[in-house]
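Okay, data-v6.tsv now, which holds TSV, C-alpha atoms and all ligand atoms:
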chain	number	residue	atom	x	y	z
I	59	MET	CA	44.41	40.98	49.73
I	60	LYS	CA	43.81	37.76	51.64
I	61	ILE	CA	45.10	37.48	55.20
I	62	THR	CA	45.47	34.02	56.76
I	63	PHE	CA	46.10	33.87	60.50
I	64	LEU	CA	48.44	30.89	60.69
I	65	GLY	CA	49.11	31.25	64.41
I	66	VAL	CA	47.72	33.67	66.97
I	67	GLY	CA	49.55	32.67	70.15
I	68	GLU	CA	52.37	33.94	72.35
I	69	ALA	CA	55.75	32.27	72.88
I	70	CYS	CA	54.83	29.38	75.24
I	71	ASP	CA	51.19	28.52	74.61
I	72	GLU	CA	50.61	24.74	74.33
I	73	ARG	CA	47.37	25.23	72.39
I	74	TYR	CA	48.03	28.22	70.13
I	75	PRO	CA	51.08	28.42	67.85
I	76	ASN	CA	53.17	31.60	67.61
I	77	THR	CA	51.54	34.57	65.94
I	78	SER	CA	52.16	34.60	62.20
I	79	LEU	CA	50.18	35.88	59.21
I	80	LEU	CA	50.28	34.92	55.55
I	81	ILE	CA	49.36	37.77	53.20
I	82	ARG	CA	48.50	37.06	49.61
I	83	GLY	CA	47.25	39.30	46.82
I	84	MET	CA	44.12	38.40	44.86
I	85	ASP	CA	45.94	38.69	41.53
I	86	PRO	CA	47.32	35.27	40.49
I	87	GLY	CA	50.10	37.10	38.61
I	88	GLY	CA	51.11	39.04	41.74
I	89	PRO	CA	54.36	38.69	43.65
I	90	GLY	CA	53.22	35.78	45.86
I	91	GLY	CA	52.82	35.24	49.58
I	92	LEU	CA	54.28	37.29	52.35
I	93	LEU	CA	54.80	35.84	55.81
I	94	LEU	CA	54.63	38.23	58.76
I	95	ASP	CA	56.83	36.79	61.54
I	96	CYS	CA	58.12	33.22	61.71
I	97	GLY	CA	58.45	31.89	65.25
I	98	PHE	CA	59.67	28.44	66.24
I	99	THR	CA	56.23	26.79	65.94
I	100	VAL	CA	55.29	28.41	62.62
I	101	PRO	CA	56.96	26.48	59.73
I	102	PRO	CA	54.65	23.42	59.92
I	103	LEU	CA	51.67	25.75	59.61
I	104	VAL	CA	52.96	27.35	56.41
I	105	TRP	CA	53.23	24.29	54.17
I	106	PRO	CA	49.53	23.46	53.76
I	107	TRP	CA	48.95	26.94	52.33
I	108	LEU	CA	51.69	26.85	49.68
I	109	SER	CA	51.19	25.11	46.36
I	110	SER	CA	54.88	25.30	45.43
I	111	PRO	CA	58.23	26.08	47.10
I	112	ASP	CA	58.50	29.25	45.00
I	113	GLU	CA	55.11	30.66	46.03
I	114	LEU	CA	56.36	32.44	49.14
I	115	ALA	CA	57.82	35.76	48.06
I	116	GLY	CA	58.98	37.30	51.32
I	117	VAL	CA	59.17	37.26	55.11
I	118	TRP	CA	58.82	40.15	57.54
I	119	LEU	CA	60.50	39.81	60.95
I	120	SER	CA	59.21	42.33	63.50
I	121	HIS	CA	61.96	41.67	66.05
I	122	PHE	CA	64.40	39.06	67.22
I	123	HIS	CA	62.55	37.21	69.97
I	124	GLY	CA	62.41	33.48	69.22
I	125	ASP	CA	58.63	33.28	68.91
I	126	HIS	CA	58.93	35.74	66.00
I	127	PHE	CA	61.96	34.56	64.05
I	128	PHE	CA	63.39	31.22	65.25
I	129	GLY	CA	61.28	29.39	62.66
I	130	LEU	CA	63.33	30.82	59.84
I	131	PRO	CA	65.98	28.03	59.68
I	132	ALA	CA	63.30	25.32	59.33
I	133	LEU	CA	61.44	27.44	56.79
I	134	LEU	CA	64.55	27.86	54.64
I	135	LEU	CA	65.51	24.21	55.08
I	136	ARG	CA	62.26	22.92	53.66
I	137	LEU	CA	62.23	25.48	50.85
I	138	TRP	CA	65.68	24.16	49.90
I	139	GLU	CA	64.61	20.51	50.27
I	140	THR	CA	61.64	21.06	47.98
I	141	GLY	CA	63.69	22.70	45.25
I	142	ARG	CA	63.11	26.40	45.60
I	143	THR	CA	65.05	28.50	43.12
I	144	ARG	CA	63.36	31.89	43.50
I	145	ARG	CA	64.99	34.69	45.47
I	146	LEU	CA	63.35	35.23	48.89
I	147	ALA	CA	62.93	38.74	50.30
I	148	ILE	CA	63.55	39.10	54.04
I	149	VAL	CA	62.56	42.46	55.50
I	150	GLY	CA	63.14	43.73	59.01
I	151	GLN	CA	65.06	46.20	61.12
I	152	GLN	CA	68.68	47.26	60.98
I	153	GLY	CA	71.10	44.32	61.23
I	154	ILE	CA	68.66	41.75	59.92
I	155	GLY	CA	71.02	40.19	57.37
I	156	ASP	CA	73.76	39.55	59.91
I	157	LEU	CA	71.33	38.15	62.47
I	158	VAL	CA	69.70	35.76	60.01
I	159	ASP	CA	73.14	34.54	58.87
I	160	ARG	CA	74.21	33.89	62.48
I	161	THR	CA	70.93	32.13	63.27
I	162	MET	CA	71.30	29.89	60.24
I	163	ASP	CA	74.88	29.07	61.25
I	164	LEU	CA	73.73	28.02	64.71
I	165	ALA	CA	70.83	25.92	63.46
I	166	TYR	CA	72.47	24.29	60.43
I	167	PRO	CA	76.19	25.13	60.21
I	168	GLY	CA	77.41	25.73	56.67
I	169	PHE	CA	73.95	25.32	55.18
I	170	ARG	CA	73.38	28.98	54.33
I	171	LYS	CA	75.99	28.77	51.54
I	172	ARG	CA	74.26	25.75	49.98
I	173	LEU	CA	70.75	27.16	49.95
I	174	GLY	CA	70.37	27.24	46.18
I	175	PHE	CA	68.31	30.43	46.23
I	176	ALA	CA	69.24	33.97	47.18
I	177	LEU	CA	68.11	35.81	50.28
I	178	GLU	CA	67.52	39.47	49.59
I	179	PHE	CA	67.59	41.51	52.80
I	180	SER	CA	65.91	44.90	53.14
I	181	GLN	CA	65.95	47.15	56.17
I	182	ALA	CA	62.72	49.04	56.86
I	183	GLU	CA	63.62	51.60	59.49
I	184	PRO	CA	61.18	54.23	60.87
I	185	GLY	CA	61.01	57.40	58.80
I	186	GLU	CA	61.82	55.54	55.60
I	187	SER	CA	59.51	54.18	52.96
I	188	LEU	CA	60.44	51.00	51.18
I	189	ASN	CA	58.98	49.37	48.08
I	190	VAL	CA	59.33	45.60	48.10
I	191	LEU	CA	57.13	42.95	46.43
I	192	GLY	CA	54.54	45.50	45.32
I	193	TYR	CA	53.92	46.88	48.80
I	194	GLU	CA	54.93	50.17	50.33
I	195	TRP	CA	56.45	49.42	53.76
I	196	ARG	CA	56.63	51.83	56.67
I	197	THR	CA	57.51	51.10	60.29
I	198	ALA	CA	57.47	52.54	63.82
I	199	VAL	CA	58.97	51.41	67.12
I	200	SER	CA	56.58	49.90	69.68
I	201	GLU	CA	57.18	49.69	73.44
I	202	HIS	CA	58.66	46.25	74.02
I	203	GLY	CA	61.46	44.52	75.95
I	204	GLN	CA	63.45	44.27	72.75
I	205	ARG	CA	63.36	46.80	69.90
I	206	CYS	CA	60.35	45.82	67.80
I	207	LEU	CA	59.00	47.43	64.65
I	208	ALA	CA	55.32	47.68	63.89
I	209	VAL	CA	54.81	47.59	60.14
I	210	ARG	CA	52.31	49.13	57.76
I	211	LEU	CA	51.84	47.64	54.31
I	212	ASP	CA	50.05	49.56	51.59
I	213	GLY	CA	49.27	47.58	48.49
I	214	PRO	CA	46.54	46.35	46.18
I	215	GLY	CA	43.44	45.74	48.30
I	216	GLY	CA	44.27	48.20	51.03
I	217	SER	CA	46.51	48.81	53.98
I	218	ILE	CA	47.25	46.67	56.97
I	219	PHE	CA	49.07	47.35	60.22
I	220	TYR	CA	50.78	44.59	62.20
I	221	SER	CA	52.15	45.46	65.62
I	222	GLY	CA	54.57	42.62	66.21
I	223	ASP	CA	55.04	42.73	69.99
I	224	GLY	CA	54.64	45.77	72.17
I	225	ARG	CA	52.39	48.41	73.62
I	226	PRO	CA	51.16	51.09	71.26
I	227	THR	CA	53.13	54.32	71.07
I	228	ALA	CA	52.29	57.71	69.52
I	229	ALA	CA	54.47	56.65	66.57
I	230	THR	CA	52.71	53.30	66.02
I	231	LEU	CA	49.31	55.03	66.19
I	232	GLU	CA	50.40	57.59	63.62
I	233	LEU	CA	51.58	54.72	61.42
I	234	ALA	CA	48.25	52.87	61.74
I	235	LYS	CA	46.04	55.84	60.87
I	236	GLY	CA	43.84	55.09	57.89
I	237	CYS	CA	44.64	51.35	57.70
I	238	ARG	CA	41.67	49.09	56.99
I	239	LEU	CA	42.99	46.31	59.18
I	240	VAL	CA	44.90	46.57	62.44
I	241	VAL	CA	46.44	43.33	63.75
I	242	HIS	CA	47.63	44.00	67.27
I	243	GLU	CA	49.08	41.94	70.08
I	244	ALA	CA	47.22	41.97	73.41
I	245	PHE	CA	49.02	39.96	76.05
I	246	ALA	CA	46.58	41.08	78.76
I	247	LEU	CA	42.90	42.04	79.03
I	248	ASP	CA	42.77	45.53	80.51
I	249	SER	CA	43.53	46.26	84.16
I	250	GLU	CA	46.52	43.96	84.53
I	251	THR	CA	49.24	45.71	82.59
I	252	VAL	CA	52.26	43.75	81.45
I	253	ALA	CA	55.41	45.75	80.71
I	254	GLY	CA	56.12	45.93	77.00
I	255	HIS	CA	52.82	44.39	75.89
I	256	GLY	CA	49.39	45.55	74.78
I	257	THR	CA	45.95	44.88	76.24
I	258	VAL	CA	42.63	44.03	74.60
I	259	ALA	CA	41.13	47.30	75.86
I	260	GLY	CA	44.15	49.27	74.61
I	261	CYS	CA	43.96	47.60	71.19
I	262	ILE	CA	40.31	48.53	70.79
I	263	GLU	CA	41.09	52.15	71.66
I	264	PHE	CA	44.09	52.07	69.32
I	265	ALA	CA	42.09	50.71	66.37
I	266	ARG	CA	39.30	53.26	66.89
I	267	ALA	CA	41.79	56.12	67.09
I	268	ALA	CA	43.42	54.84	63.90
I	269	GLY	CA	40.05	54.75	62.12
I	270	ALA	CA	40.48	51.07	61.24
I	271	GLU	CA	37.60	49.05	59.82
I	272	PHE	CA	38.83	45.77	61.35
I	273	LEU	CA	40.82	44.86	64.44
I	274	ALA	CA	42.33	41.39	64.91
I	275	VAL	CA	43.69	40.74	68.41
I	276	VAL	CA	46.51	38.20	68.59
I	277	HIS	CA	49.35	37.00	70.89
I	278	VAL	CA	47.09	36.78	73.95
I	279	GLN	CA	48.75	35.41	77.07
I	280	ARG	CA	47.99	31.67	77.33
I	281	GLU	CA	46.20	31.72	80.69
I	282	VAL	CA	44.08	34.69	79.65
I	283	ARG	CA	43.22	32.88	76.42
I	284	ARG	CA	42.40	29.66	78.29
I	285	ASP	CA	40.57	30.92	81.38
I	286	ARG	CA	39.31	34.44	80.82
I	287	PHE	CA	38.74	34.78	77.13
I	288	GLU	CA	34.96	35.17	77.36
I	289	ARG	CA	35.60	38.59	78.81
I	290	ALA	CA	37.91	39.48	75.93
I	291	ARG	CA	35.29	38.34	73.43
I	292	ALA	CA	32.65	40.45	75.17
I	293	MET	CA	34.94	43.48	74.99
I	294	LEU	CA	35.64	42.88	71.29
I	295	ASP	CA	31.94	42.33	70.51
I	296	ALA	CA	31.03	45.56	72.28
I	297	ALA	CA	33.68	47.64	70.49
I	298	ALA	CA	32.07	50.57	68.70
I	299	GLU	CA	33.14	51.85	65.26
I	300	VAL	CA	35.44	48.89	64.54
I	301	ASP	CA	34.77	45.26	63.65
I	302	ALA	CA	36.93	43.65	66.35
I	303	PHE	CA	37.63	39.93	66.61
I	304	ALA	CA	40.10	37.36	67.91
I	305	PRO	CA	41.01	35.02	65.04
I	306	GLU	CA	41.62	31.31	65.45
I	307	PRO	CA	44.50	29.62	63.58
I	308	GLY	CA	43.51	29.17	59.95
I	309	ASP	CA	40.95	31.98	59.91
I	310	GLN	CA	41.03	34.20	56.85
I	311	LEU	CA	40.04	37.76	56.10
I	312	ILE	CA	39.73	39.22	52.62
I	313	LEU	CA	40.23	42.97	52.20
O	1	ZN	ZN	56.05	37.48	71.02
O	2	ZN	ZN	58.83	39.91	71.79
Before anything else, please render the file you have as structure tokens.
Ligand SMILES: [Zn+2]
Ligand SMILES: [Zn+2]
Amino acid sequence: MKITFLGVGEACDERYPNTSLLIRGMDPGGPGGLLLDCGFTVPPLVWPWLSSPDELAGVWLSHFHGDHFFGLPALLLRLWETGRTRRLAIVGQQGIGDLVDRTMDLAYPGFRKRLGFALEFSQAEPGESLNVLGYEWRTAVSEHGQRCLAVRLDGPGGSIFYSGDGRPTAATLELAKGCRLVVHEAFALDSETVAGHGTVAGCIEFARAAGAEFLAVVHVQREVRRDRFERARAMLDAAAEVDAFAPEPGDQLIL
């Protein structure tokens, strides 16, 4: 499994695009790429990594804040422009199909009907296990201003956990247990707590408690990332029992 960190930023960072990951299997005959979250700054980052409009197999949307899903209209527009014919899986929480339809209608009225390829929606609610695109999907609710689902994907090459937005909860920790890679948002460093968001210190503790081999910290608040990130790096470097790092856009990890 190859993970590409397309963007690692929060909603309004002028230097770091919205957090988004591209997951691809190592088997060329596999189902194709999977995009985890698609905020408004993400679509331009996707194209250099795709060799054809049919390569992307699916999209996961953790929640409905703009920096996590407002890129979808532009993503679908270019897939249509470049001749995609393959069905696209879109996975998220309850109500996802209706919300995507309404978003498309606002962005490009009437365009949804002319797409030329099908959208296949799947709801991955906590307590359920879903099999889509060769992965087993499970979810848990994080603590965030809007309902957000952390997701765990088990597939060839291992298991990964992606928090979306939000502070860890007992349920998200249970979900992450045994994953090789934890990708977690950390809006703040440690002492300054921000309601509905994680911290670098909390992520390290979370990843250790989950028994993860790797921790990638993303979605760091822009001023923290700009002015105080040396401290975050020192905390990540000093983390025991887990290989913790803060990826830059374009960084890749192979599991
Ligand atoms: Zn966000
Ligand atoms: Zn959010």
Legend entry - Atom-to-atom span, CA of Leu130 in chain I and CA of Phe169 in chain I, Å: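 About the pair CA of Leu130 in chain I and CA of Phe169 in chain I: they are 12.8 Å apart.
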Inset, instruction - Can you work out which one of I:Ala296, I:Leu93, I:Leu119, I:Val275 has the shortest atom-to-atom distance to ligand ZN 2 (chain O), counting only C-alpha atoms and all ligand atoms? - result: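 Using only C-alpha atoms and all ligand atoms, ligand ZN 2 (chain O) sits closest to I:Leu119.
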For chain I versus ligand ZN 1 (chain O), which residues have an atom no more than 12 Å away, and what is each residue's nearest atom pair and distance in Å rounded to one decimal, using only C-alpha atoms and all ligand atoms, chain-then-number order, as a Markdown table?
| residue | atom | partner | partner_atom | distance |
| --- | --- | --- | --- | --- |
| I:Gly65 | CA | O:ZN1 | ZN | 11.4 |
| I:Val66 | CA | O:ZN1 | ZN | 10.0 |
| I:Gly67 | CA | O:ZN1 | ZN | 8.1 |
| I:Glu68 | CA | O:ZN1 | ZN | 5.3 |
| I:Ala69 | CA | O:ZN1 | ZN | 5.5 |
| I:Cys70 | CA | O:ZN1 | ZN | 9.2 |
| I:Asp71 | CA | O:ZN1 | ZN | 10.8 |
| I:Pro75 | CA | O:ZN1 | ZN | 10.8 |
| I:Asn76 | CA | O:ZN1 | ZN | 7.4 |
| I:Thr77 | CA | O:ZN1 | ZN | 7.4 |
| I:Ser78 | CA | O:ZN1 | ZN | 10.1 |
| I:Asp95 | CA | O:ZN1 | ZN | 9.5 |
| I:Cys96 | CA | O:ZN1 | ZN | 10.4 |
| I:Gly97 | CA | O:ZN1 | ZN | 8.4 |
| I:Phe98 | CA | O:ZN1 | ZN | 10.8 |
| I:Thr99 | CA | O:ZN1 | ZN | 11.8 |
| I:Leu119 | CA | O:ZN1 | ZN | 11.3 |
| I:Ser120 | CA | O:ZN1 | ZN | 9.5 |
| I:His121 | CA | O:ZN1 | ZN | 8.8 |
| I:Phe122 | CA | O:ZN1 | ZN | 9.3 |
| I:His123 | CA | O:ZN1 | ZN | 6.6 |
| I:Gly124 | CA | O:ZN1 | ZN | 7.7 |
| I:Asp125 | CA | O:ZN1 | ZN | 5.4 |
| I:His126 | CA | O:ZN1 | ZN | 6.0 |
| I:Phe127 | CA | O:ZN1 | ZN | 9.6 |
| I:Phe128 | CA | O:ZN1 | ZN | 11.2 |
| I:His202 | CA | O:ZN1 | ZN | 9.6 |
| I:Gly203 | CA | O:ZN1 | ZN | 10.2 |
| I:Gln204 | CA | O:ZN1 | ZN | 10.2 |
| I:Arg205 | CA | O:ZN1 | ZN | 11.9 |
| I:Cys206 | CA | O:ZN1 | ZN | 9.9 |
| I:Ser221 | CA | O:ZN1 | ZN | 10.4 |
| I:Gly222 | CA | O:ZN1 | ZN | 7.2 |
| I:Asp223 | CA | O:ZN1 | ZN | 5.4 |
| I:Gly224 | CA | O:ZN1 | ZN | 8.5 |
| I:Arg225 | CA | O:ZN1 | ZN | 11.8 |
| I:His242 | CA | O:ZN1 | ZN | 11.3 |
| I:Glu243 | CA | O:ZN1 | ZN | 8.3 |
| I:Ala244 | CA | O:ZN1 | ZN | 10.2 |
| I:Phe245 | CA | O:ZN1 | ZN | 9.0 |
| I:Gly254 | CA | O:ZN1 | ZN | 10.4 |
| I:His255 | CA | O:ZN1 | ZN | 9.0 |
| I:Gly256 | CA | O:ZN1 | ZN | 11.1 |
| I:Val276 | CA | O:ZN1 | ZN | 9.9 |
| I:His277 | CA | O:ZN1 | ZN | 6.7 |
| I:Val278 | CA | O:ZN1 | ZN | 9.5 |
| I:Gln279 | CA | O:ZN1 | ZN | 9.7 |
| I:Arg280 | CA | O:ZN1 | ZN | 11.8 |
Inset, instruction - Quote the spacing between CA of Glu186 in chain I and CA of Ala208 in chain I in Å to one decimal place. - result: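 About the pair CA of Glu186 in chain I and CA of Ala208 in chain I: they are 13.1 Å apart.
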Inset, instruction - Considering all atoms listed in the file, state which residue in the set I:Arg289, I:Arg142, I:Arg196, I:Arg266 is at the smallest distance from Ala229 in chain I. - result: I:Arg196
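CA of Phe272 in chain I is found 14.4 Å from CA of Met293 in chain I.
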Legend entry - Close residues, Gly88 in chain I itself excluded, 10 Å, all atoms listed in the file, min 4 positions apart in chain, as a ChimeraX atom specification: /I:82-84,115,191-192,214
Inset, instruction - Counting all atoms listed in the file, figure out which residue out of I:Gly87, I:Leu80, I:Ala290, I:Ser249 gets nearest to Trp105 in chain I. - result: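 Of I:Gly87, I:Leu80, I:Ala290, I:Ser249, the one nearest Trp105 in chain I is I:Leu80, counting all atoms listed in the file.
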Inset, instruction - Could you tell me which of I:Thr230, I:Gln310, I:Gly153, I:Gly141 comes closest to Trp107 in chain I if we count all atoms listed in the file? - result: I:Gln310
Legend entry - Nearest-residue call for Ala182 in chain I, choices I:Val149, I:Val199, I:Ala304, I:Leu94, using all atoms listed in the file: I:Val149
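Of the listed residues (I:Met59, I:Leu207, I:Val241, I:Val100), I:Leu207 comes nearest to ligand ZN 2 (chain O); the distances count all atoms listed in the file.
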Legend entry - Close residues, Ser187 in chain I itself excluded, 12 Å, all atoms listed in the file, min 3 positions apart in chain, as a list in words: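 Residues meeting the cut-off are Ser180, Gln181, Ala182, Glu183, Pro184, Val190, Tyr193, Glu194, Trp195, Arg196, Thr197, Ala198, Val209, Arg210, Leu211, Asp212 and Leu233 of chain I.
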